[in-house]
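Asker: Quick one: the structure is below, and I'll ask about it shortly.
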Amino acid sequence: MSSLTEKDRPIVQLLLSTGTCPRCILRFCSVGSQTLYRHPYKDLMKDLEEFLKKNQEKEDTVCFDVVDPPCKRIRLEHTEEGPDDVNRNGGLQQIPLVNNENTAVENLAVKVCNVCLGVLQEFCEVDFVKKVCQKVNSADYQFTSFVFSMSLPPQLSVREHAAWLLVKQEMGNLGLSLAKDDIVQLKEAYKWIIHPQLSEELGVPADGKSLFEVSVVFAHPETDEECHFLATACPDCFKPAKNKQSVFTRMAVIKALEKIKEEDFLKHFPCPPSSPKNLCVALEIQCNNGAVFVAGRYNKYSRNLPQTPWIIDGERKLESSVEELISEHLMAEFKADSFNFSSSGREDVDVRTLGNGRPFAIELVNPRRIHFTAEEMKGLQQTINNSSDKIQVRDLQLVTRSAIGRMKEGEEEKTKTYSALIWTDKAIQKEDIAFLDDIKELKLDQKTPLRVLHRRPLAVRCRIIHTMKSEYIDEHHFRLHLKTQAGTYIKEFVHGDFGRTKPNIGSLLNRTADILELDVESVDVDWPPTLDN
């Protein structure tokens, strides 16, 4: 049973007289009944008026009996004083009860709450719920559940703190106590009210783990400056952050309220807090779907196509990229805001990727469409493949965020197979290169190549050439098939990079060598799963 009792009378009487709404009064009384908060506003006001008129000797009431179990309780400590002493010592007798019930209800119903600034009043009504749902439906998202979030103006925490100090002082005069943690959080109470209404209107359940978020940002310009005094009292709590427009964030204000002394707070802020003239405003009603992840493998057949957009000093060098040729179709079908591309390594602009292709994954941010069948994914794959002869994708599929980690696991231990067309300055015969086939597990010391030094830190990396197989072409050309440790710079292994890679093909053959063409023949990563394409 969660009901108001005589112990709650001082809180109800005090807060009601100072301009606090009935739902905030229930919060300060630690009422944990979700059902009770959903009662119509005017009914709650009438019930509170009736409660205050009941015989103070009676310990329990019937008008607030509900079936839900309480989530929190006030820690009330009785002293030796009985109920008869409460009014004598508490100083609450001066707070008048309005005899004309209807007048009282009408007057208080339209008054903006001095604690929640109207959040638990106007914004719990059907009209606002429909406004939120209209916004959701017009955004055209696919979703099967939702999670609701809200952003409150930081001054609400200041006002609640002031109300709590007022109540705590009054309760102390009565030999009772109220801990701040016992107050039901405003966000929690609001969600108890709003969740069933949103769920009914949208036709899907509320679920804390849902990837579809409906959020409302509240503001109250009239009282924006009410928390500014805290910056003087607790300057350490308010530090500028690059991604924050104001230092007065909710968390900073809460931290300051925990730190400031009660007497210092009371010097700067009225208790009880004054009644505002205006309600809060809903600045933004936003929808957001959690990211969807698509994985696959790509082949690159062009020697004039970068993996990602090639932009130098703000100038684009080539018109397209692997990333863009794939993502533009995914963005269109998933109706996403943006994307993030990642892959198992990367090839240079002039390097082809053959064989089974290179694993990749794309994160699609805030997609409107999220449900695709296997057949639809196969069709999307075909659309990508038909759009360009420079790339092809295979095994296109939806994956989870955690599964993408497998693409990056053991990156140093992976192996990759390459085919390199090599030129030498001095004439060679087949027997001159045959010894390369017998070299196994060749260890290299590779200093960061000059060509990537502008974007990679200077370091010496140890890499391994597991096997090599030569294929003689003519006196100045041969093809070399290599199986290497992932991360090996193949071009530098061939020409030596002015001695920065040791040993290299040039030093092994004792002549100048250079690479004319390079192909990636396989990336030995068993991910994503192979599909029947």
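Labels for the structure tokens follow display order: chains A, B, ..., residues from 1 in each chain, ligands from 1.
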Let's see if you can do this: from backbone DSSP, list all strand (DSSP E or B) residues in region 406-529 of chain A, as a count of residues only.
Answerer: 53
Asker: Report as number ranges by chain all protein, DNA and RNA residues lying within 7 Å of region 425-429 of chain A, evaluated on only C-alpha atoms, omitting residues in the same chain fewer than 3 positions from it.
Answerer: A: 432, 475-476, 511-513
Asker: To one decimal in Å, tell me the separation between CA of Ile311 (chain A) and CA of Asn340 (chain A).
Answerer: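 About the pair CA of Ile311 (chain A) and CA of Asn340 (chain A): they are 17.0 Å apart.
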Asker: Kindly indicate which residue among A:Val520, A:Val119, A:Ile384, A:Leu283 lies nearest to Arg352 (chain A), using only C-alpha atoms for the distances.
Answerer: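 Smallest separation from Arg352 (chain A) among the options: A:Val520.
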Asker: Excluding region 468-471 of chain A and its own-chain neighbours fewer than 2 positions away, which residues fall within 9 Å of it when counting only C-alpha atoms? Please give them as a PyMOL selection string.
Answerer: chain A and resi 430+433-440+465-466+473+478-484
Asker: Hey, which of A:Cys280, A:Met251, A:Ala233, A:Leu354 ends up closest to Val112 (chain A)? Count only C-alpha atoms.
Answerer: A:Cys280
Asker: Find, counting only C-alpha atoms, the residue in A:Asn299, A:Thr308, A:Ser157, A:Ser320 that gets nearest to Ala252 (chain A).
Answerer: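 Result for the nearest residue to Ala252 (chain A): A:Ser157.
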Asker: If we count only C-alpha atoms, what is near Pro273 (chain A) at a cut-off of 7 Å, once residues fewer than 2 positions away on the same chain are taken out, given as a PyMOL selection string?
Answerer: chain A and resi 114+159+162-163+270-271+275
Asker: Restricting it to N, CA and C atoms, dump the selection as a PDB file, in the first residue's frame.
Answerer:
```pdb
ATOM      1  N   ASN A 114       6.156  25.904  -8.854  1.00  0.00           N
ATOM      2  CA  ASN A 114       7.408  26.592  -8.533  1.00  0.00           C
ATOM      3  C   ASN A 114       8.602  25.629  -8.445  1.00  0.00           C
ATOM      4  N   ARG A 159      15.802  24.756  -7.938  1.00  0.00           N
ATOM      5  CA  ARG A 159      14.480  24.954  -7.345  1.00  0.00           C
ATOM      6  C   ARG A 159      14.084  23.762  -6.466  1.00  0.00           C
ATOM      7  N   ALA A 162      15.945  24.025  -3.252  1.00  0.00           N
ATOM      8  CA  ALA A 162      15.352  25.031  -2.368  1.00  0.00           C
ATOM      9  C   ALA A 162      14.106  24.495  -1.687  1.00  0.00           C
ATOM     10  N   ALA A 163      13.258  23.809  -2.449  1.00  0.00           N
ATOM     11  CA  ALA A 163      12.036  23.237  -1.880  1.00  0.00           C
ATOM     12  C   ALA A 163      12.370  22.183  -0.838  1.00  0.00           C
ATOM     13  N   PRO A 270      15.716  32.100  -2.892  1.00  0.00           N
ATOM     14  CA  PRO A 270      14.559  32.124  -1.985  1.00  0.00           C
ATOM     15  C   PRO A 270      14.028  30.725  -1.662  1.00  0.00           C
ATOM     16  N   CYS A 271      13.627  30.535  -0.433  1.00  0.00           N
ATOM     17  CA  CYS A 271      12.965  29.306  -0.006  1.00  0.00           C
ATOM     18  C   CYS A 271      11.675  29.701   0.697  1.00  0.00           C
ATOM     19  N   SER A 275       7.021  31.576  -7.538  1.00  0.00           N
ATOM     20  CA  SER A 275       6.203  30.992  -8.607  1.00  0.00           C
ATOM     21  C   SER A 275       6.486  31.727  -9.912  1.00  0.00           C
TER      22      SER A 275
END
```
Asker: Which residues are near Glu517 (chain A)? Cut-off 9 Å, only C-alpha atoms, ignore same chain within fewer than 5 positions. Put them as a ChimeraX atom specification.
Answerer: /A:303,350-352,419-422
Asker: Hey, can you spit out that residue selection with N, CA and C atoms as a PDB file, in the first residue's frame?
Answerer:
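What landed in result24.pdb:
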```pdb
ATOM      1  N   ARG A 303      43.149   0.912 -60.806  1.00  0.00           N
ATOM      2  CA  ARG A 303      44.420   1.395 -60.264  1.00  0.00           C
ATOM      3  C   ARG A 303      44.419   2.922 -60.165  1.00  0.00           C
ATOM      4  N   ASP A 350      46.721   2.950 -56.320  1.00  0.00           N
ATOM      5  CA  ASP A 350      47.097   2.227 -57.545  1.00  0.00           C
ATOM      6  C   ASP A 350      47.180   0.718 -57.349  1.00  0.00           C
ATOM      7  N   VAL A 351      46.663   0.229 -56.250  1.00  0.00           N
ATOM      8  CA  VAL A 351      46.709  -1.203 -55.929  1.00  0.00           C
ATOM      9  C   VAL A 351      45.309  -1.799 -56.080  1.00  0.00           C
ATOM     10  N   ARG A 352      45.247  -2.935 -56.745  1.00  0.00           N
ATOM     11  CA  ARG A 352      43.964  -3.645 -56.873  1.00  0.00           C
ATOM     12  C   ARG A 352      43.794  -4.613 -55.704  1.00  0.00           C
ATOM     13  N   SER A 419      50.638  -9.985 -55.001  1.00  0.00           N
ATOM     14  CA  SER A 419      51.328 -10.272 -56.260  1.00  0.00           C
ATOM     15  C   SER A 419      51.937  -8.961 -56.744  1.00  0.00           C
ATOM     16  N   ALA A 420      53.287  -8.947 -56.921  1.00  0.00           N
ATOM     17  CA  ALA A 420      53.987  -7.719 -57.286  1.00  0.00           C
ATOM     18  C   ALA A 420      54.729  -7.905 -58.610  1.00  0.00           C
ATOM     19  N   LEU A 421      54.572  -6.969 -59.524  1.00  0.00           N
ATOM     20  CA  LEU A 421      55.339  -6.951 -60.770  1.00  0.00           C
ATOM     21  C   LEU A 421      56.568  -6.078 -60.528  1.00  0.00           C
ATOM     22  N   ILE A 422      57.762  -6.686 -60.659  1.00  0.00           N
ATOM     23  CA  ILE A 422      59.003  -6.023 -60.256  1.00  0.00           C
ATOM     24  C   ILE A 422      59.907  -5.800 -61.461  1.00  0.00           C
TER      25      ILE A 422
END
```
Asker: In terms of the shortest atom-to-atom distance over only C-alpha atoms, which of A:Arg455, A:Arg297, A:Arg316, A:Lys408 is closest to Gly355 (chain A)?
Answerer: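 Residue with the minimum atom-to-atom distance to Gly355 (chain A): A:Arg297.
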Asker: Find the residues around region 205-221 of chain A up to 9 Å (only C-alpha atoms counted), leave out those fewer than 4 positions away in its own chain, and share them as a PyMOL selection string.
Answerer: chain A and resi 117+119+132+136+141-155+195-196+198-200+225+278-291
Asker: Could you save the residues just selected, with C-alpha atoms, as a PDB file, in the first residue's frame?
Answerer:
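Final file, result_8.pdb:
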```
ATOM      1  CA  LEU A 117       8.045  24.792 -13.826  1.00  0.00           C
ATOM      2  CA  VAL A 119       6.773  19.863 -16.662  1.00  0.00           C
ATOM      3  CA  VAL A 132       5.226  14.338 -29.755  1.00  0.00           C
ATOM      4  CA  VAL A 136       7.615  10.852 -34.502  1.00  0.00           C
ATOM      5  CA  TYR A 141      11.218   5.883 -38.845  1.00  0.00           C
ATOM      6  CA  GLN A 142      10.959   2.108 -38.626  1.00  0.00           C
ATOM      7  CA  PHE A 143      10.763   0.986 -34.984  1.00  0.00           C
ATOM      8  CA  THR A 144       9.175  -1.742 -32.900  1.00  0.00           C
ATOM      9  CA  SER A 145       9.675  -0.117 -29.484  1.00  0.00           C
ATOM     10  CA  PHE A 146      10.933   3.163 -28.098  1.00  0.00           C
ATOM     11  CA  VAL A 147      12.903   4.651 -25.247  1.00  0.00           C
ATOM     12  CA  PHE A 148      11.971   8.119 -24.010  1.00  0.00           C
ATOM     13  CA  SER A 149      14.507  10.644 -22.769  1.00  0.00           C
ATOM     14  CA  MET A 150      14.241  14.222 -21.638  1.00  0.00           C
ATOM     15  CA  SER A 151      16.571  17.124 -21.006  1.00  0.00           C
ATOM     16  CA  LEU A 152      15.588  19.497 -18.219  1.00  0.00           C
ATOM     17  CA  PRO A 153      16.828  23.050 -17.600  1.00  0.00           C
ATOM     18  CA  PRO A 154      19.516  22.988 -14.880  1.00  0.00           C
ATOM     19  CA  GLN A 155      17.685  25.552 -12.742  1.00  0.00           C
ATOM     20  CA  HIS A 195       5.206   6.154 -21.214  1.00  0.00           C
ATOM     21  CA  PRO A 196       1.711   4.591 -21.282  1.00  0.00           C
ATOM     22  CA  LEU A 198       3.132   7.398 -25.883  1.00  0.00           C
ATOM     23  CA  SER A 199       2.922   3.621 -26.080  1.00  0.00           C
ATOM     24  CA  GLU A 200      -0.806   3.707 -26.757  1.00  0.00           C
ATOM     25  CA  GLU A 225      19.947  32.868 -14.658  1.00  0.00           C
ATOM     26  CA  ASN A 278       5.403  31.098 -17.580  1.00  0.00           C
ATOM     27  CA  LEU A 279       5.507  27.378 -18.245  1.00  0.00           C
ATOM     28  CA  CYS A 280       8.532  25.548 -19.561  1.00  0.00           C
ATOM     29  CA  VAL A 281       8.755  25.293 -23.319  1.00  0.00           C
ATOM     30  CA  ALA A 282       9.578  22.176 -25.315  1.00  0.00           C
ATOM     31  CA  LEU A 283      12.476  23.506 -27.396  1.00  0.00           C
ATOM     32  CA  GLU A 284      13.020  20.322 -29.372  1.00  0.00           C
ATOM     33  CA  ILE A 285      11.247  17.053 -29.988  1.00  0.00           C
ATOM     34  CA  GLN A 286      13.741  14.716 -31.617  1.00  0.00           C
ATOM     35  CA  CYS A 287      13.858  11.139 -32.875  1.00  0.00           C
ATOM     36  CA  ASN A 288      16.943   9.034 -33.303  1.00  0.00           C
ATOM     37  CA  ASN A 289      17.473   5.422 -34.332  1.00  0.00           C
ATOM     38  CA  GLY A 290      20.503   3.542 -33.098  1.00  0.00           C
ATOM     39  CA  ALA A 291      23.154   2.884 -35.720  1.00  0.00           C
TER      40      ALA A 291
END
```
Asker: Would you return as number ranges by chain the members of region 282-354 of chain A that DSSP assigns to helix (DSSP H, G or I) on this structure's backbone?
Answerer: A: 322-334
Asker: Expressed in Å to a single decimal, how great is the separation between CA of Glu333 (chain A) and CA of Pro367 (chain A)?
Answerer: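 Computing the Euclidean distance for CA of Glu333 (chain A) and CA of Pro367 (chain A) yields 9.1 Å.
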Asker: Return the single residue from A:Lys502, A:Arg406, A:Lys259, A:Lys180 that is closest to Ala295 (chain A), with distances computed using only C-alpha atoms.
Answerer: A:Arg406
Asker: Could you name the residues that touch Leu44 (chain A) at 9 Å or less, counting only C-alpha atoms, but leaving out those on the same chain fewer than 6 positions away, as a ChimeraX atom specification?
Answerer: /A:22-23,36-37
Asker: Could you work out how far CA of Gly296 (chain A) lies from CA of Gln397 (chain A), giving the answer in Å with one decimal?
Answerer: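 For CA of Gln397 (chain A) relative to CA of Gly296 (chain A), the distance reads 6.4 Å.
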Asker: Which residue, A:Ser402, A:Leu531, A:Pro276, A:Ala336, has the smallest gap to Lys378 (chain A) when you use only C-alpha atoms?
Answerer: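 Closest residue, counting only C-alpha atoms: A:Leu531.
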